[in-house]
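> Sending over a structure as structure tokens; questions will come in a sec.
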Number of protein chains: 2
Amino acid sequence: MKEKINHDDTLPKDHPRYESLKYRHKIIEGMKEIVVAEAGLIAHGRGECFDYMLGEKTNEIAEKAIKVAVALLLISEKPILSVNGNTAALVPEELVALSNVVSAPLEINIFYGKEGRVKAITDALIKAGATNLLGTDESKMVEIEELSSNRRRVDPNGIKIADTVFVPLEDGDRTEALKKLGKKVIAVDLNPISRTAIWADITIVDNIVRVLPKMIKIAGELKNLNKEELRKMVKDFDNKKNIQDILEMIKEHLEKQKEGAFKILE
Amino acid sequence: MKEKINHDDTLPKDHPRYESLKYRHKIIEGMKEIVVAEAGLIAHGRGECFDYMLGEKTNEIAEKAIKVAVALLLISEKPILSVNGNTAALVPEELVALSNVVSAPLEINIFYGKEGRVKAITDALIKAGATNLLGTDESKMVEIEELSSNRRRVDPNGIKIADTVFVPLEDGDRTEALKKLGKKVIAVDLNPISRTAIWADITIVDNIVRVLPKMIKIAGELKNLNKEELRKMVKDFDNKKNIQDILEMIKEHLEKQKEGAFKILE
């Protein structure tokens, strides 16, 4: 008997959950190719839940954080885009495009160091067009302090010397460690009160699959501004207020559901 | 190089995320034994997120729903406890204990009908002590209307003729179908605004790993009441109010986080 799943290729595009199911399928396929860790599936599910609470769309608060994040990448001396298994499975082409437009290398940095995973992620990124790729040669890695997991091993030409690190879908320990090393951190995290979200300088509370296309587009626009204008945008940004505004928005969404959710029974 | 995961057996019991990581490990092991579908890992992650918003404990609103749910099982003529892969992986012994104390058979009913899955779940439940088990012989299944997925196939001696169905960790289509067939539905769902949560007669918004031990304990107590008292408890229960109260509680939790979450930076 064959598996009776309606996968991406058979799912009609007008299905109300089409987008969500398409990316779920990418994550499951990513696990089969060892790009994604098993725990990465669970993390993806957590993200789905928070995205649901945000109405599964980019709101204006996230839109503003995205703009400031791009500005910070553009004024940084040595920006790096950190890549883990889930982002490589979900949005490899978009990672490469962002890397090109903001002139920041991609560095593979994973929590679960299973044999063959770095190679599988490298292959996925190269297939997506990556040329400026760090963290691929495990024998050349150096260790950063303040971190005990596999993620302490970083590329000497990348995160080690970076002034700004873009960390989508991150674990809290690492963001804290990067901050304590004096780096600026831009996080993409659907959980607005995760340790990563709280520790980061700029937290984009939105789904990575919507964030990256927007960042690529905005980078094309902001490149024409002078650095002073970009610096002002970054300086004026208040991440605590950003997160508090998101929490308020989720509360409003829940309030609407107190009656709205029952409409399906009518 | 071995996988560097701290699994259940090596994780110290005083770790702040010990309980959560223990069950995550059970789900991942369940997938390896094909008890759990790959999509079940993602569903588990969604649950973790909602549980996080509830403070990862049983609140008094859920406690009340649990009590009324047990009352309904005790007054039903033909109650059935539906079992899917995730519940079989997480709480097999507790399912058997509840089945015994409320005199309701367990029926295996799964969404992803991969070859060998029903047998794997059957084995897990028998290992946990199950004797009253339905849905194990796929050749004897009948179909219920109103449902297109694999879940339409039910046991002629179980869900087909049941008056009350207990559906932990359910998909929305099925709860709607069961309701349209005139059955009472008790759901356990951490998402208070899922279609299952909205359609069910009694929705327990809580983590199944906390719910079942409480149900078993309460069943022992309520068995001594007369059926009239139990019927009154069920009649007086308002599921819409139950869900609205939970949403209000989550809103209060989020409000507290607007300052509280930033304490880690102090």
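Residue numbering restarts at 1 in every chain; chains get A, B, ... in the order shown in the structure tokens, and ligands count up from 1 in that same order.
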Quick check: residues of chain A within 8 Å of chain B, only C-alpha atoms, returned as a ChimeraX atom specification.

/A:1-5,24,28,38-39,41-50,112-115,150,193,198-199,240,243-244,247-248,251,254-255,257-258,261-262,265

> Mind giving me the straight-line distance from atom CA of Ile34 of chain A to atom CA of Gly85 of chain B in Å, one decimal?

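Atom CA of Gly85 of chain B lies at a distance of 23.1 Å from atom CA of Ile34 of chain A.
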
> Please return, as a VMD selection string, all residues of segment 89-225 of chain B that DSSP assigns to helix (DSSP H, G or I) on the basis of the backbone.

chain B and resid 89 to 90 92 to 101 117 to 127 138 to 140 150 to 152 159 to 161 172 to 180 195 to 199 208 to 222

> Those residues with C-alpha atoms, as a short mmCIF file (atom, residue, chain, number, x, y, z; two decimals), in the first residue's frame please?


data_model
loop_
_atom_site.label_atom_id
_atom_site.label_comp_id
_atom_site.auth_asym_id
_atom_site.auth_seq_id
_atom_site.Cartn_x
_atom_site.Cartn_y
_atom_site.Cartn_z
CA ALA B 89 4.14 7.05 21.04
CA LEU B 90 3.67 9.53 23.89
CA PRO B 92 0.56 4.20 25.54
CA GLU B 93 0.27 3.01 29.18
CA GLU B 94 -2.02 5.89 30.08
CA LEU B 95 -4.32 5.14 27.12
CA VAL B 96 -4.66 1.56 28.35
CA ALA B 97 -5.33 2.67 31.94
CA LEU B 98 -8.02 5.15 30.85
CA SER B 99 -9.59 2.53 28.59
CA ASN B 100 -9.86 0.19 31.58
CA VAL B 101 -11.19 2.69 34.10
CA ARG B 117 1.89 1.54 10.67
CA VAL B 118 -1.28 -0.03 12.08
CA LYS B 119 0.73 -3.09 13.11
CA ALA B 120 3.44 -0.94 14.71
CA ILE B 121 0.84 0.98 16.72
CA THR B 122 -0.95 -2.26 17.65
CA ASP B 123 2.34 -3.69 18.93
CA ALA B 124 3.06 -0.55 20.96
CA LEU B 125 -0.37 -0.67 22.61
CA ILE B 126 -0.25 -4.41 23.32
CA LYS B 127 3.19 -3.92 24.87
CA GLU B 138 -7.74 -3.47 8.13
CA SER B 139 -9.71 -6.04 6.10
CA LYS B 140 -12.73 -5.67 8.43
CA ASN B 150 -7.84 7.43 5.38
CA ARG B 151 -9.64 8.14 8.66
CA ARG B 152 -13.03 7.31 7.10
CA ILE B 159 -16.35 4.27 16.11
CA LYS B 160 -19.06 3.16 13.63
CA ILE B 161 -21.55 2.44 16.44
CA GLY B 172 -10.43 19.10 11.94
CA ASP B 173 -12.16 17.27 9.08
CA ARG B 174 -12.72 14.24 11.21
CA THR B 175 -14.21 15.97 14.21
CA GLU B 176 -16.63 17.73 11.89
CA ALA B 177 -17.54 14.40 10.25
CA LEU B 178 -18.10 12.69 13.60
CA LYS B 179 -20.31 15.57 14.75
CA LYS B 180 -22.36 15.39 11.54
CA ARG B 195 -11.47 23.31 13.79
CA THR B 196 -11.41 20.31 16.11
CA ALA B 197 -11.45 22.53 19.17
CA ILE B 198 -14.39 24.52 17.83
CA TRP B 199 -16.44 21.55 16.59
CA ILE B 208 -2.14 15.01 26.37
CA VAL B 209 0.76 13.91 28.58
CA ARG B 210 -0.76 15.84 31.49
CA VAL B 211 -4.40 15.21 30.56
CA LEU B 212 -4.48 11.40 30.63
CA PRO B 213 -3.07 10.91 34.17
CA LYS B 214 -5.63 13.43 35.42
CA MET B 215 -8.49 11.71 33.57
CA ILE B 216 -7.53 8.35 35.05
CA LYS B 217 -7.48 9.78 38.57
CA ILE B 218 -10.76 11.67 38.15
CA ALA B 219 -12.50 8.64 36.60
CA GLY B 220 -11.75 6.72 39.79
CA GLU B 221 -13.49 9.45 41.80
CA LEU B 222 -16.49 10.14 39.53
#

> Please identify all polymer residues within 10 Å of segment 162-166 of chain B, counting only C-alpha atoms, omitting same-chain residues fewer than 5 positions from it, and present them as a ChimeraX atom specification.

/B:69-70,72-73,75-83,104,106-107,156-157,175,178-179,181-188,200-202

> Take the residues just selected and output them with C-alpha atoms as a PDB file, in the first residue's frame.


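In the end it all went to out_6.pdb:
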ATOM      1  CA  ALA B  69     -15.065  14.863  29.716  1.00  0.00           C
ATOM      2  CA  VAL B  70     -14.674  11.978  32.159  1.00  0.00           C
ATOM      3  CA  LEU B  72     -19.429  12.142  29.580  1.00  0.00           C
ATOM      4  CA  LEU B  73     -17.358   8.992  29.017  1.00  0.00           C
ATOM      5  CA  ILE B  75     -22.525   8.117  31.090  1.00  0.00           C
ATOM      6  CA  SER B  76     -22.057   7.075  27.446  1.00  0.00           C
ATOM      7  CA  GLU B  77     -23.473   3.790  26.159  1.00  0.00           C
ATOM      8  CA  LYS B  78     -20.683   3.052  23.709  1.00  0.00           C
ATOM      9  CA  PRO B  79     -17.679   5.301  24.284  1.00  0.00           C
ATOM     10  CA  ILE B  80     -14.534   4.821  22.198  1.00  0.00           C
ATOM     11  CA  LEU B  81     -11.031   6.179  22.669  1.00  0.00           C
ATOM     12  CA  SER B  82      -9.497   6.898  19.259  1.00  0.00           C
ATOM     13  CA  VAL B  83      -5.714   6.450  19.065  1.00  0.00           C
ATOM     14  CA  ALA B 104     -14.078   2.134  26.595  1.00  0.00           C
ATOM     15  CA  LEU B 106      -9.159   1.788  22.163  1.00  0.00           C
ATOM     16  CA  GLU B 107      -9.509   2.104  18.374  1.00  0.00           C
ATOM     17  CA  PRO B 156     -17.706  -1.754  12.651  1.00  0.00           C
ATOM     18  CA  ASN B 157     -17.684  -2.558  16.370  1.00  0.00           C
ATOM     19  CA  THR B 175     -14.205  15.972  14.214  1.00  0.00           C
ATOM     20  CA  LEU B 178     -18.103  12.690  13.603  1.00  0.00           C
ATOM     21  CA  LYS B 179     -20.309  15.569  14.752  1.00  0.00           C
ATOM     22  CA  LEU B 181     -22.897  11.678  12.214  1.00  0.00           C
ATOM     23  CA  GLY B 182     -24.491  12.690  15.514  1.00  0.00           C
ATOM     24  CA  LYS B 183     -21.733  11.551  17.837  1.00  0.00           C
ATOM     25  CA  LYS B 184     -20.503  13.379  20.900  1.00  0.00           C
ATOM     26  CA  VAL B 185     -16.851  14.353  20.567  1.00  0.00           C
ATOM     27  CA  ILE B 186     -14.307  15.012  23.297  1.00  0.00           C
ATOM     28  CA  ALA B 187     -11.124  16.579  21.933  1.00  0.00           C
ATOM     29  CA  VAL B 188      -7.714  17.190  23.443  1.00  0.00           C
ATOM     30  CA  ALA B 200     -16.033  19.312  19.645  1.00  0.00           C
ATOM     31  CA  ASP B 201     -18.589  19.129  22.469  1.00  0.00           C
ATOM     32  CA  ILE B 202     -15.855  19.224  25.089  1.00  0.00           C
TER      33      ILE B 202
END

> Extract the full set of strand (DSSP E) residues from segment 8-89 of chain B according to DSSP on the backbone, and format it as a ChimeraX atom specification.

/B:79-83
